[in-house]
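Novice: The structure under discussion is supplied below as structure tokens; questions concerning it will follow.
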Amino acid sequence: MPLIEPMTPAFASYLSDESRTQGQAEYIAFPRSEEEIALVLRWCAQHGVPVTAQGGMTGLAGGASPQGGLALNLSRMDRILGLRRDSAGTWLLRVQPGVRLLQVRKALKEKSFQISQWDEASVAALRDFRPGEAFFSPDPTETTASIGGMAACNASGARSYLYGATRTKIHALRVVLTDGSVTALERGVHRARGREALLPLTDGGTRRVLLPEFETPPIKDAGFYLRRDMDLVDLFMGSQGLFGIISELELELTPSPALLWGVTAFLPDHAAALRYVRALKGQEGDPLPDRPAAIEFFDRRALRLVEEQKAETPAFRQLQELPEDYNCAVYAEFNPRDPALFLPTLSALSDTLRRLGGDPERTWVARDGRELEKLLFFRHTVPEVTDIIVERNKKNEPCITILSTDMAVDDVHFDELFHIYKHDLSQTDLDWVIFGHIGENHVHPNIFARDRAEYEFGLRLFEKWAADVHRMDGTITGEHGTGKLKKKLAYIMYGPEKMAKLCQFKRAMDPKGLLGPGNILTEVEA
């Protein structure tokens, strides 16, 4: 089978990612190695063919939906390559970019690895690794996400409140650049000097580029990460294939907690929910004995959607019954290293709930992994139901894609942003819900457009919110990447001057402009 194949109807599923953004391409390739990625990129450079990198196709921003050219699908680069422990005792796992998150989790939990091609050092290290001793902490909702895709959009999830986003857990990586050369980078070893970045090439040479003359916001952000003197590993986090194609990653693993437990509390109104969240974060009252790993919010509409879907979908009927008189819910998960923190933390939460009008007796508490799975199932059901609704509406109007924001701001501005969402949506006849990662100051307003007019109105509303977030020095993408769907929002956030600098940097990294067509950037002359 040739490495590069014509795009035919047999490959139609590779033209659209989870956002339902429909793309088109002339070619497709499924490399199995770094060398094959380099061959494809050299062929594309020779023939002027644009390249869109793809992983698990789980993205919500259209980044993997190609706009012409070649779809470079990395799903067959799915091997775990090795394991080692550094001098500080941290476990590091080396993987190809197409490895799925679920695959990594299972291998670490069960100590089940295919080691026939591992080197001797990795095999020796594996002997000392205990099943479930450490885990890869980023946790996007879709566990079939590929590790390379998670890095390319700096994916996060609920537990990033405690553990950080994917960027912070990538220790090293190899990247194939647009001309087929390869750079190998290790965190803490390869850094920029001010704005000058020297990328070491595996053939002994270097690639010199100058970083843009601005810095990205110091908040949770799934877009570009730019700093003076930055670690060069971070240059490729959130870049969504614009600067090169990730061919290998080394993941920093986190020691597994001694206990997993969680609480879903029901609050009488949004004001009480926001105060409860501040208490969970230690911003109101005394800090909790243990810091949450995740803090999630669900408005009444989101909870009602789940209740309605239970009647239609048998798989959802195992969900717990919701209290009758509720307004919204907040889920908090805890991953303590010390089990003795459980009762003091639970007691403090009960006191806070009573003070804010909640009822500890009607609160869902999961005290072990099995019970926690029930709460996690409820949490993941909400985005699953939104996907069902979008797919149903798309059958009536093909232009419809997911209309969901993941904008984020700092602690000072979050309440203002939350009330903007609530006010603006309440003034419309749209069908909408709000839920998401409130711990890191970003929730997901989802608009369920039923026709083209509602879809276009929703897009305009997102543009208005992007301007609001820009005023607050926030970001238009807290976890899902920018891709194609948020390209206009990125322009609003960066503005013409910064966007021009980003385009200039893109040309330095990719002179022919072949990588990631249509993603993130709006061409602006510097």
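Chain lettering (A, B, ...) mirrors the order of the structure tokens, residue numbering begins at 1 for each chain separately, and ligand numbering begins at 1 in order of display.
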Considering only C-alpha atoms, return as JSON, numbers by chain whatever protein or nucleic-acid residues lie within 8 Å of Ser350 in chain A, sequence-local ones (same chain, fewer than 4 positions apart) excluded.
Specialist: {"A": [346, 354, 359, 360]}
Novice: Could you please determine the separation between CA of Asp431 in chain A and CA of Ala64 in chain A in Å, to one decimal place?
Specialist: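 We find that CA of Asp431 in chain A and CA of Ala64 in chain A lie 27.4 Å from each other.
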Novice: Can you list every residue in range 111-249 of chain A that DSSP puts in strand (DSSP E), as an NGL selection string?
Specialist: :A and (134-135 or 170-176 or 182-186 or 196-200 or 206-210 or 245-249)
Novice: Got a sec: who's within 10 Å of Phe214 in chain A, counting only C-alpha atoms, leaving out chain neighbours fewer than 2 positions off, as JSON, numbers by chain?
Specialist: {"A": [195, 211, 212, 216, 217, 226, 227, 228, 498, 501, 502]}
Novice: Store the residues of this selection in a file with C-alpha atoms, as a PDB file, in the first residue's frame.
Specialist:
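Saved the output as part.pdb:
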```pdb
ATOM      1  CA  ARG A 195      13.337  35.943  22.082  1.00  0.00           C
ATOM      2  CA  LEU A 211       9.797  34.437  19.032  1.00  0.00           C
ATOM      3  CA  PRO A 212       6.959  36.987  18.670  1.00  0.00           C
ATOM      4  CA  THR A 216       0.401  35.070  26.103  1.00  0.00           C
ATOM      5  CA  PRO A 217      -1.882  35.403  29.177  1.00  0.00           C
ATOM      6  CA  LEU A 226       4.895  32.349  24.357  1.00  0.00           C
ATOM      7  CA  ARG A 227       7.389  33.765  26.862  1.00  0.00           C
ATOM      8  CA  ARG A 228      10.855  35.246  26.848  1.00  0.00           C
ATOM      9  CA  LYS A 498      -0.199  40.516  17.657  1.00  0.00           C
ATOM     10  CA  LYS A 501       3.525  38.902  14.644  1.00  0.00           C
ATOM     11  CA  LEU A 502       2.136  35.372  14.949  1.00  0.00           C
TER      12      LEU A 502
END
```
Novice: Could you pull out the alpha helix (DSSP H) residues of range 451-518 of chain A, going by DSSP on the backbone, and write them as a PyMOL selection string?
Specialist: chain A and resi 452-471+487-509
Novice: Write a file of the just-selected residues containing C-alpha atoms, as a PDB file, in the first residue's frame.
Specialist:
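Everything below was put into selection-v5.pdb:
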```pdb
ATOM      1  CA  ARG A 452     -29.060  28.549  10.242  1.00  0.00           C
ATOM      2  CA  ALA A 453     -30.352  31.815  11.724  1.00  0.00           C
ATOM      3  CA  GLU A 454     -29.818  30.595  15.289  1.00  0.00           C
ATOM      4  CA  TYR A 455     -26.414  29.210  14.366  1.00  0.00           C
ATOM      5  CA  GLU A 456     -25.255  32.522  12.924  1.00  0.00           C
ATOM      6  CA  PHE A 457     -26.695  34.420  15.894  1.00  0.00           C
ATOM      7  CA  GLY A 458     -24.768  32.111  18.232  1.00  0.00           C
ATOM      8  CA  LEU A 459     -21.531  32.835  16.362  1.00  0.00           C
ATOM      9  CA  ARG A 460     -22.105  36.579  16.743  1.00  0.00           C
ATOM     10  CA  LEU A 461     -22.764  36.117  20.453  1.00  0.00           C
ATOM     11  CA  PHE A 462     -19.441  34.265  20.785  1.00  0.00           C
ATOM     12  CA  GLU A 463     -17.697  37.170  19.067  1.00  0.00           C
ATOM     13  CA  LYS A 464     -19.240  39.548  21.580  1.00  0.00           C
ATOM     14  CA  TRP A 465     -17.996  37.355  24.442  1.00  0.00           C
ATOM     15  CA  ALA A 466     -14.522  37.168  22.893  1.00  0.00           C
ATOM     16  CA  ALA A 467     -14.383  40.976  23.049  1.00  0.00           C
ATOM     17  CA  ASP A 468     -15.511  40.858  26.692  1.00  0.00           C
ATOM     18  CA  VAL A 469     -12.809  38.296  27.506  1.00  0.00           C
ATOM     19  CA  HIS A 470     -10.180  40.325  25.651  1.00  0.00           C
ATOM     20  CA  ARG A 471     -11.074  43.305  27.826  1.00  0.00           C
ATOM     21  CA  LYS A 487     -10.249  31.498  14.320  1.00  0.00           C
ATOM     22  CA  LYS A 488     -12.269  34.728  14.273  1.00  0.00           C
ATOM     23  CA  LEU A 489     -12.355  34.747  18.081  1.00  0.00           C
ATOM     24  CA  ALA A 490      -8.563  34.392  18.142  1.00  0.00           C
ATOM     25  CA  TYR A 491      -8.271  37.467  15.923  1.00  0.00           C
ATOM     26  CA  ILE A 492     -10.496  39.403  18.335  1.00  0.00           C
ATOM     27  CA  MET A 493      -8.369  38.271  21.280  1.00  0.00           C
ATOM     28  CA  TYR A 494      -4.934  38.919  19.749  1.00  0.00           C
ATOM     29  CA  GLY A 495      -5.836  41.964  17.673  1.00  0.00           C
ATOM     30  CA  PRO A 496      -4.205  42.858  14.333  1.00  0.00           C
ATOM     31  CA  GLU A 497      -0.745  43.738  15.699  1.00  0.00           C
ATOM     32  CA  LYS A 498      -0.199  40.516  17.657  1.00  0.00           C
ATOM     33  CA  MET A 499      -1.824  38.431  14.926  1.00  0.00           C
ATOM     34  CA  ALA A 500       0.614  39.898  12.403  1.00  0.00           C
ATOM     35  CA  LYS A 501       3.525  38.902  14.644  1.00  0.00           C
ATOM     36  CA  LEU A 502       2.136  35.372  14.949  1.00  0.00           C
ATOM     37  CA  CYS A 503       1.825  35.133  11.164  1.00  0.00           C
ATOM     38  CA  GLN A 504       5.392  36.373  10.790  1.00  0.00           C
ATOM     39  CA  PHE A 505       6.610  33.680  13.189  1.00  0.00           C
ATOM     40  CA  LYS A 506       4.569  31.060  11.331  1.00  0.00           C
ATOM     41  CA  ARG A 507       6.336  32.031   8.078  1.00  0.00           C
ATOM     42  CA  ALA A 508       9.707  31.637   9.778  1.00  0.00           C
ATOM     43  CA  MET A 509       8.793  28.120  10.939  1.00  0.00           C
TER      44      MET A 509
END
```
Novice: Pick out the closest residue to Leu372 in chain A from this set: A:Pro344, A:Phe334, A:Val390, A:Gly262. Count only C-alpha atoms.
Specialist: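 Going through A:Pro344, A:Phe334, A:Val390, A:Gly262 one by one, the smallest distance to Leu372 in chain A is for A:Gly262.
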Novice: Name the residues in contact with Phe113 in chain A at a cut-off of 12 Å, using only C-alpha atoms, excluding same-chain residues fewer than 5 positions from it; report them as a list in words.
Specialist: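 So the residues in contact are Arg79, Ile80, Leu81, Gly82, Leu83, Leu93, Arg94, Val95, Gln103, Val104, Arg105, Lys106, Ala107, Leu108, Trp118, Ser122, Val123, Leu126, Arg127, Phe129 and Pro131 of chain A.
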Novice: Please list as number ranges by chain every residue within 12 Å of Thr168 in chain A, counting only C-alpha atoms and excluding residues in the same chain fewer than 2 positions away.
Specialist: A: 136-138, 150-151, 154-156, 160, 162-166, 170-172, 187-188, 220-222, 225, 231, 233-234, 237-238, 250-254
